[in-house]
file protein.pdb (PDB, C-alpha atoms)
MODEL        1
ATOM      1  CA  MET A   1      60.864   4.003  74.222
ATOM      2  CA  THR A   2      64.181   2.827  72.764
ATOM      3  CA  ARG A   3      64.557   1.277  69.320
ATOM      4  CA  ILE A   4      64.957  -2.186  70.873
ATOM      5  CA  GLN A   5      61.886  -1.735  73.069
ATOM      6  CA  ARG A   6      59.872  -0.584  70.057
ATOM      7  CA  ARG A   7      61.099  -3.547  68.001
ATOM      8  CA  ASN A   8      60.256  -6.033  70.768
ATOM      9  CA  THR A   9      56.823  -4.508  71.349
ATOM     10  CA  GLU A  10      56.073  -4.739  67.627
ATOM     11  CA  ALA A  11      57.344  -8.343  67.529
ATOM     12  CA  ILE A  12      55.085  -9.281  70.472
ATOM     13  CA  LEU A  13      52.009  -7.684  68.908
ATOM     14  CA  GLU A  14      52.695  -9.272  65.524
ATOM     15  CA  ALA A  15      53.196 -12.696  67.117
ATOM     16  CA  ALA A  16      50.098 -12.242  69.278
ATOM     17  CA  LEU A  17      48.040 -11.360  66.235
ATOM     18  CA  ASP A  18      49.076 -14.649  64.617
ATOM     19  CA  VAL A  19      48.384 -16.662  67.759
ATOM     20  CA  PHE A  20      45.095 -15.007  68.750
ATOM     21  CA  SER A  21      43.683 -15.048  65.211
ATOM     22  CA  SER A  22      44.393 -18.756  64.803
ATOM     23  CA  GLN A  23      43.823 -20.027  68.369
ATOM     24  CA  GLY A  24      41.299 -17.539  69.737
ATOM     25  CA  PHE A  25      41.836 -15.801  73.063
ATOM     26  CA  ARG A  26      41.084 -18.842  75.216
ATOM     27  CA  GLY A  27      43.287 -21.173  73.189
ATOM     28  CA  SER A  28      46.273 -18.820  73.225
ATOM     29  CA  THR A  29      49.019 -18.764  75.838
ATOM     30  CA  LEU A  30      51.805 -16.369  76.744
ATOM     31  CA  ASP A  31      54.281 -19.161  76.007
ATOM     32  CA  GLN A  32      52.958 -19.446  72.429
ATOM     33  CA  ILE A  33      53.155 -15.691  71.916
ATOM     34  CA  ALA A  34      56.666 -15.441  73.385
ATOM     35  CA  GLN A  35      57.890 -18.313  71.213
ATOM     36  CA  ALA A  36      56.353 -16.789  68.071
ATOM     37  CA  ALA A  37      57.947 -13.423  68.947
ATOM     38  CA  GLY A  38      61.344 -15.018  69.521
ATOM     39  CA  LEU A  39      61.446 -13.845  73.133
ATOM     40  CA  SER A  40      61.472 -15.520  76.518
ATOM     41  CA  LYS A  41      58.267 -15.401  78.532
ATOM     42  CA  PRO A  42      59.902 -13.208  81.246
ATOM     43  CA  ASN A  43      61.062 -10.819  78.524
ATOM     44  CA  LEU A  44      57.522 -10.673  77.084
ATOM     45  CA  LEU A  45      56.146  -9.938  80.562
ATOM     46  CA  TYR A  46      58.498  -6.957  80.802
ATOM     47  CA  TYR A  47      56.475  -5.348  77.980
ATOM     48  CA  PHE A  48      52.985  -6.643  78.750
ATOM     49  CA  PRO A  49      51.839  -7.834  82.184
ATOM     50  CA  SER A  50      49.324 -10.375  80.859
ATOM     51  CA  LYS A  51      47.735 -12.058  77.890
ATOM     52  CA  GLU A  52      44.733  -9.783  78.437
ATOM     53  CA  ALA A  53      46.917  -6.671  78.123
ATOM     54  CA  ILE A  54      48.321  -7.826  74.793
ATOM     55  CA  HIS A  55      44.866  -8.701  73.504
ATOM     56  CA  LYS A  56      43.456  -5.347  74.624
ATOM     57  CA  GLU A  57      46.293  -3.476  72.891
ATOM     58  CA  LEU A  58      45.646  -5.354  69.648
ATOM     59  CA  LEU A  59      41.893  -4.765  69.777
ATOM     60  CA  SER A  60      42.310  -1.083  70.585
ATOM     61  CA  GLY A  61      44.565  -0.473  67.596
ATOM     62  CA  LEU A  62      42.417  -2.661  65.390
ATOM     63  CA  LEU A  63      39.189  -0.850  66.135
ATOM     64  CA  ASP A  64      40.626   2.474  64.953
ATOM     65  CA  THR A  65      41.782   0.856  61.710
ATOM     66  CA  TRP A  66      38.551  -1.083  61.274
ATOM     67  CA  LEU A  67      36.333   1.974  61.707
ATOM     68  CA  ALA A  68      38.350   4.308  59.467
ATOM     69  CA  PRO A  69      36.427   3.429  56.266
ATOM     70  CA  LEU A  70      33.065   4.084  57.938
ATOM     71  CA  ARG A  71      34.336   7.367  59.374
ATOM     72  CA  SER A  72      35.269   8.375  55.805
ATOM     73  CA  LEU A  73      31.668   8.095  54.556
ATOM     74  CA  ASP A  74      31.131  11.706  53.461
ATOM     75  CA  PRO A  75      27.645  13.214  53.910
ATOM     76  CA  ALA A  76      28.472  15.726  51.158
ATOM     77  CA  GLY A  77      29.503  13.031  48.688
ATOM     78  CA  GLU A  78      27.468  11.244  46.034
ATOM     79  CA  PRO A  79      25.567   8.589  48.036
ATOM     80  CA  GLU A  80      26.026   5.519  45.851
ATOM     81  CA  ARG A  81      29.702   6.302  45.274
ATOM     82  CA  GLU A  82      30.263   6.792  49.019
ATOM     83  CA  ILE A  83      28.662   3.448  49.863
ATOM     84  CA  MET A  84      30.493   1.616  47.061
ATOM     85  CA  THR A  85      33.789   3.127  48.222
ATOM     86  CA  TYR A  86      33.030   1.970  51.765
ATOM     87  CA  MET A  87      32.223  -1.553  50.565
ATOM     88  CA  HIS A  88      35.404  -1.706  48.440
ATOM     89  CA  ARG A  89      37.563  -0.527  51.348
ATOM     90  CA  LYS A  90      36.031  -3.133  53.680
ATOM     91  CA  LEU A  91      36.631  -5.900  51.136
ATOM     92  CA  GLU A  92      40.211  -4.748  50.591
ATOM     93  CA  MET A  93      40.787  -4.780  54.349
ATOM     94  CA  SER A  94      39.524  -8.371  54.430
ATOM     95  CA  ARG A  95      42.021  -9.253  51.710
ATOM     96  CA  GLU A  96      44.942  -7.439  53.317
ATOM     97  CA  MET A  97      44.127  -8.012  57.002
ATOM     98  CA  PRO A  98      42.514 -11.445  57.444
ATOM     99  CA  ARG A  99      44.173 -12.035  60.833
ATOM    100  CA  GLU A 100      42.811  -8.773  62.170
ATOM    101  CA  SER A 101      39.337  -9.637  60.885
ATOM    102  CA  ARG A 102      39.438 -13.043  62.580
ATOM    103  CA  LEU A 103      40.736 -11.501  65.824
ATOM    104  CA  PHE A 104      37.781  -9.106  65.900
ATOM    105  CA  ALA A 105      35.306 -11.844  64.902
ATOM    106  CA  ASN A 106      36.608 -14.173  67.626
ATOM    107  CA  GLU A 107      36.196 -11.452  70.238
ATOM    108  CA  VAL A 108      32.610 -10.757  69.163
ATOM    109  CA  LEU A 109      31.753 -14.478  68.994
ATOM    110  CA  GLN A 110      32.906 -14.810  72.613
ATOM    111  CA  GLY A 111      30.434 -12.093  73.641
ATOM    112  CA  ALA A 112      32.979  -9.238  73.346
ATOM    113  CA  PRO A 113      34.195  -9.551  76.968
ATOM    114  CA  ARG A 114      37.114  -7.195  76.384
ATOM    115  CA  MET A 115      35.381  -4.636  74.185
ATOM    116  CA  ALA A 116      31.650  -4.660  74.957
ATOM    117  CA  GLU A 117      31.830  -1.117  76.323
ATOM    118  CA  THR A 118      33.551   0.130  73.148
ATOM    119  CA  LEU A 119      30.975  -1.589  70.933
ATOM    120  CA  SER A 120      28.090   0.033  72.807
ATOM    121  CA  SER A 121      29.707   3.480  72.877
ATOM    122  CA  GLU A 122      32.288   4.393  70.224
ATOM    123  CA  LEU A 123      31.116   1.896  67.599
ATOM    124  CA  LYS A 124      27.418   2.527  68.235
ATOM    125  CA  ASP A 125      27.860   6.304  68.098
ATOM    126  CA  LEU A 126      29.674   6.091  64.758
ATOM    127  CA  VAL A 127      27.119   3.694  63.255
ATOM    128  CA  ASP A 128      24.252   5.911  64.499
ATOM    129  CA  GLU A 129      25.890   8.934  62.872
ATOM    130  CA  LYS A 130      26.413   7.205  59.502
ATOM    131  CA  ALA A 131      22.966   5.572  59.601
ATOM    132  CA  ARG A 132      21.471   9.071  59.872
ATOM    133  CA  VAL A 133      23.478  10.111  56.786
ATOM    134  CA  ILE A 134      22.196   7.124  54.799
ATOM    135  CA  ALA A 135      18.624   7.702  56.017
ATOM    136  CA  ASP A 136      18.857  11.345  54.944
ATOM    137  CA  TRP A 137      20.059  10.289  51.483
ATOM    138  CA  SER A 138      17.121   7.908  51.199
ATOM    139  CA  ALA A 139      14.620  10.515  52.437
ATOM    140  CA  ALA A 140      15.951  12.988  49.853
ATOM    141  CA  GLY A 141      15.429  10.416  47.083
ATOM    142  CA  ARG A 142      19.156  10.074  46.438
ATOM    143  CA  LEU A 143      19.129   6.355  47.340
ATOM    144  CA  ALA A 144      16.481   3.674  47.447
ATOM    145  CA  ALA A 145      14.733   3.363  50.802
ATOM    146  CA  VAL A 146      16.860   0.928  52.807
ATOM    147  CA  ASP A 147      17.295   0.318  56.504
ATOM    148  CA  PRO A 148      20.662   2.019  57.064
ATOM    149  CA  TYR A 149      21.697  -0.210  59.965
ATOM    150  CA  HIS A 150      21.039  -3.400  58.070
ATOM    151  CA  LEU A 151      22.828  -1.978  55.042
ATOM    152  CA  ILE A 152      25.916  -1.399  57.204
ATOM    153  CA  PHE A 153      25.572  -4.861  58.792
ATOM    154  CA  SER A 154      25.299  -6.394  55.314
ATOM    155  CA  ILE A 155      28.460  -4.678  54.153
ATOM    156  CA  TRP A 156      30.279  -5.957  57.235
ATOM    157  CA  ALA A 157      28.991  -9.495  56.791
ATOM    158  CA  LEU A 158      29.490  -9.758  53.060
ATOM    159  CA  THR A 159      33.006  -8.350  53.034
ATOM    160  CA  GLN A 160      34.467  -9.850  56.207
ATOM    161  CA  HIS A 161      33.154 -13.309  55.315
ATOM    162  CA  TYR A 162      35.986 -13.574  52.793
ATOM    163  CA  ALA A 163      38.561 -13.139  55.558
ATOM    164  CA  ASP A 164      36.849 -14.971  58.405
ATOM    165  CA  PHE A 165      35.889 -17.973  56.259
ATOM    166  CA  GLU A 166      38.691 -17.783  53.694
ATOM    167  CA  VAL A 167      39.505 -21.491  53.921
ATOM    168  CA  GLN A 168      35.893 -22.404  53.204
ATOM    169  CA  VAL A 169      35.583 -19.894  50.342
ATOM    170  CA  ARG A 170      38.778 -21.082  48.645
ATOM    171  CA  SER A 171      37.826 -24.743  49.135
ATOM    172  CA  VAL A 172      34.431 -24.258  47.519
ATOM    173  CA  LEU A 173      35.676 -22.116  44.631
ATOM    174  CA  GLY A 174      38.642 -24.363  43.938
ATOM    175  CA  PRO A 175      42.104 -23.473  42.655
ATOM    176  CA  GLY A 176      42.773 -20.773  40.119
ATOM    177  CA  ARG A 177      40.021 -18.413  41.232
ATOM    178  CA  ASP A 178      40.475 -15.115  43.055
ATOM    179  CA  PRO A 179      37.659 -14.896  45.596
ATOM    180  CA  PHE A 180      38.294 -11.239  46.347
ATOM    181  CA  ALA A 181      38.203 -10.098  42.714
ATOM    182  CA  GLU A 182      35.048 -12.115  42.108
ATOM    183  CA  ALA A 183      33.502 -10.831  45.334
ATOM    184  CA  GLN A 184      34.201  -7.238  44.375
ATOM    185  CA  ASP A 185      32.306  -7.599  41.079
ATOM    186  CA  PHE A 186      29.429  -9.488  42.684
ATOM    187  CA  LEU A 187      29.054  -7.187  45.694
ATOM    188  CA  GLU A 188      29.177  -4.077  43.552
ATOM    189  CA  LEU A 189      26.362  -5.454  41.392
ATOM    190  CA  LEU A 190      24.378  -6.499  44.460
ATOM    191  CA  PHE A 191      24.643  -3.193  46.297
ATOM    192  CA  ARG A 192      24.131  -1.039  43.181
ATOM    193  CA  ARG A 193      20.871  -2.870  42.501
ATOM    194  CA  LEU A 194      19.805  -2.565  46.126
ATOM    195  CA  LEU A 195      20.525   1.160  46.254
ATOM    196  CA  ALA A 196      19.197   2.161  42.822
ATOM    197  CA  ARG A 197      16.361   4.674  43.001
TER     198      ARG A 197
ENDMDL
END

call {"tool": "encode", "arguments": {"input": "protein.pdb", "output": "structure tokens"}}
result
Amino acid sequence: MTRIQRRNTEAILEAALDVFSSQGFRGSTLDQIAQAAGLSKPNLLYYFPSKEAIHKELLSGLLDTWLAPLRSLDPAGEPEREIMTYMHRKLEMSREMPRESRLFANEVLQGAPRMAETLSSELKDLVDEKARVIADWSAAGRLAAVDPYHLIFSIWALTQHYADFEVQVRSVLGPGRDPFAEAQDFLELLFRRLLAR
């Protein structure tokens, strides 16, 4: 791939991320993506044959990034620290990558038509693996007894809410408040109390 091809591909994916995360898949068009990327539609189609192909490329790259913090949960680490680190990384991703969070949320809300197989294979396998780690920590008395799946779901929900519903959060809190800093303190307190032996 030449430098120009790489630059145009990156511009298309960046523009598509903006369009898909704000309009959803159904509300997005190739014309919108091409315009946002500063390219003609025929030029865009040289790089990606369809809207679906662009969306699939974004989701594929996103899933690797999104799952990296869970993959990093270390069975040999100190359990509470590992879970707190995971929660902090998920919250930081919500702060730094709100478009990506909304893209993923929109896909799931639509029934995951373009990634259902990945959710039931790669994602499920990883969550099963880490749930076993958390269950082992609980069984060994290193954490309070918690359902590991619902703990993971809670971390997802309570961190990604700040990206997916950022407008609502900022509207309710009002100006001058940092929702992410406040969330970090609150969620740390919440999960430490939940996990305390």

call {"tool": "closest_residue", "arguments": {"input": "protein.pdb", "among": "A:Ala140, A:Gln5, A:Arg71, A:Ala15", "to": "Asp128 (chain A)", "atoms": "all atoms listed in the file"}}
result
A:Arg71

call {"tool": "residues_around", "arguments": {"input": "protein.pdb", "residues": "Ala53 (chain A)", "least_positions_apart": "5", "cutoff": "12 Å", "atoms": "all atoms listed in the file", "output": "number ranges by chain"}}
result
A: 12-13, 16, 25, 30, 44-48, 58-60, 114

call {"tool": "write_last_selection", "arguments": {"input": "protein.pdb", "atoms": "C-alpha atoms", "output": "PDB file, in the coordinates of the input"}}
result
ATOM      1  CA  ILE A  12      55.085  -9.281  70.472  1.00  0.00           C
ATOM      2  CA  LEU A  13      52.009  -7.684  68.908  1.00  0.00           C
ATOM      3  CA  ALA A  16      50.098 -12.242  69.278  1.00  0.00           C
ATOM      4  CA  PHE A  25      41.836 -15.801  73.063  1.00  0.00           C
ATOM      5  CA  LEU A  30      51.805 -16.369  76.744  1.00  0.00           C
ATOM      6  CA  LEU A  44      57.522 -10.673  77.084  1.00  0.00           C
ATOM      7  CA  LEU A  45      56.146  -9.938  80.562  1.00  0.00           C
ATOM      8  CA  TYR A  46      58.498  -6.957  80.802  1.00  0.00           C
ATOM      9  CA  TYR A  47      56.475  -5.348  77.980  1.00  0.00           C
ATOM     10  CA  PHE A  48      52.985  -6.643  78.750  1.00  0.00           C
ATOM     11  CA  LEU A  58      45.646  -5.354  69.648  1.00  0.00           C
ATOM     12  CA  LEU A  59      41.893  -4.765  69.777  1.00  0.00           C
ATOM     13  CA  SER A  60      42.310  -1.083  70.585  1.00  0.00           C
ATOM     14  CA  ARG A 114      37.114  -7.195  76.384  1.00  0.00           C
TER      15      ARG A 114
END

call {"tool": "closest_residue", "arguments": {"input": "protein.pdb", "among": "A:Ile155, A:Asp164, A:Phe186, A:Arg7", "to": "Leu109 (chain A)", "atoms": "only C-alpha atoms"}}
result
A:Asp164

call {"tool": "atom_distance", "arguments": {"input": "protein.pdb", "atom1": "CA of Asn8 (chain A)", "atom2": "CA of Val108 (chain A)"}}
result
28.1 Å

call {"tool": "atom_distance", "arguments": {"input": "protein.pdb", "atom1": "CA of Arg6 (chain A)", "atom2": "CA of Pro113 (chain A)"}}
result
28.1 Å

call {"tool": "atom_distance", "arguments": {"input": "protein.pdb", "atom1": "CA of Ser28 (chain A)", "atom2": "CA of Leu62 (chain A)"}}
result
18.4 Å

call {"tool": "resolve_selection", "arguments": {"input": "protein.pdb", "expression": "the PyMOL selection byres ((chain A and resi 23) around 12)", "output": "list in words"}}
result
Ala15, Ala16, Leu17, Asp18, Val19, Phe20, Ser21, Ser22, Gly24, Phe25, Arg26, Gly27, Ser28, Thr29, Gln32, Ile33, Arg99, Arg102, Leu103, Asn106 and Glu107 of chain A

call {"tool": "write_last_selection", "arguments": {"input": "protein.pdb", "atoms": "C-alpha atoms", "output": "PDB file, in the coordinates of the input"}}
result
ATOM      1  CA  ALA A  15      53.196 -12.696  67.117  1.00  0.00           C
ATOM      2  CA  ALA A  16      50.098 -12.242  69.278  1.00  0.00           C
ATOM      3  CA  LEU A  17      48.040 -11.360  66.235  1.00  0.00           C
ATOM      4  CA  ASP A  18      49.076 -14.649  64.617  1.00  0.00           C
ATOM      5  CA  VAL A  19      48.384 -16.662  67.759  1.00  0.00           C
ATOM      6  CA  PHE A  20      45.095 -15.007  68.750  1.00  0.00           C
ATOM      7  CA  SER A  21      43.683 -15.048  65.211  1.00  0.00           C
ATOM      8  CA  SER A  22      44.393 -18.756  64.803  1.00  0.00           C
ATOM      9  CA  GLY A  24      41.299 -17.539  69.737  1.00  0.00           C
ATOM     10  CA  PHE A  25      41.836 -15.801  73.063  1.00  0.00           C
ATOM     11  CA  ARG A  26      41.084 -18.842  75.216  1.00  0.00           C
ATOM     12  CA  GLY A  27      43.287 -21.173  73.189  1.00  0.00           C
ATOM     13  CA  SER A  28      46.273 -18.820  73.225  1.00  0.00           C
ATOM     14  CA  THR A  29      49.019 -18.764  75.838  1.00  0.00           C
ATOM     15  CA  GLN A  32      52.958 -19.446  72.429  1.00  0.00           C
ATOM     16  CA  ILE A  33      53.155 -15.691  71.916  1.00  0.00           C
ATOM     17  CA  ARG A  99      44.173 -12.035  60.833  1.00  0.00           C
ATOM     18  CA  ARG A 102      39.438 -13.043  62.580  1.00  0.00           C
ATOM     19  CA  LEU A 103      40.736 -11.501  65.824  1.00  0.00           C
ATOM     20  CA  ASN A 106      36.608 -14.173  67.626  1.00  0.00           C
ATOM     21  CA  GLU A 107      36.196 -11.452  70.238  1.00  0.00           C
TER      22      GLU A 107
END

call {"tool": "closest_residue", "arguments": {"input": "protein.pdb", "among": "A:Ile4, A:Lys51, A:Gly111, A:Asp64", "to": "Leu123 (chain A)", "atoms": "only C-alpha atoms"}}
result
A:Asp64

call {"tool": "resolve_selection", "arguments": {"input": "protein.pdb", "expression": "the PyMOL selection byres ((chain A and resi 72-74) around 10)", "output": "list in words"}}
result
Leu67, Ala68, Pro69, Leu70, Arg71, Pro75, Ala76, Gly77, Glu78, Pro79, Arg81, Glu82, Ile83, Met84, Thr85, Tyr86, Lys130, Val133 and Ile134 of chain A

call {"tool": "closest_residue", "arguments": {"input": "protein.pdb", "among": "A:Leu189, A:Met93, A:Thr118, A:Phe153", "to": "Ala131 (chain A)", "atoms": "all atoms listed in the file"}}
result
A:Phe153

call {"tool": "closest_residue", "arguments": {"input": "protein.pdb", "among": "A:Gln184, A:Gln35, A:Leu63, A:Thr9", "to": "Ala105 (chain A)", "atoms": "only C-alpha atoms"}}
result
A:Leu63
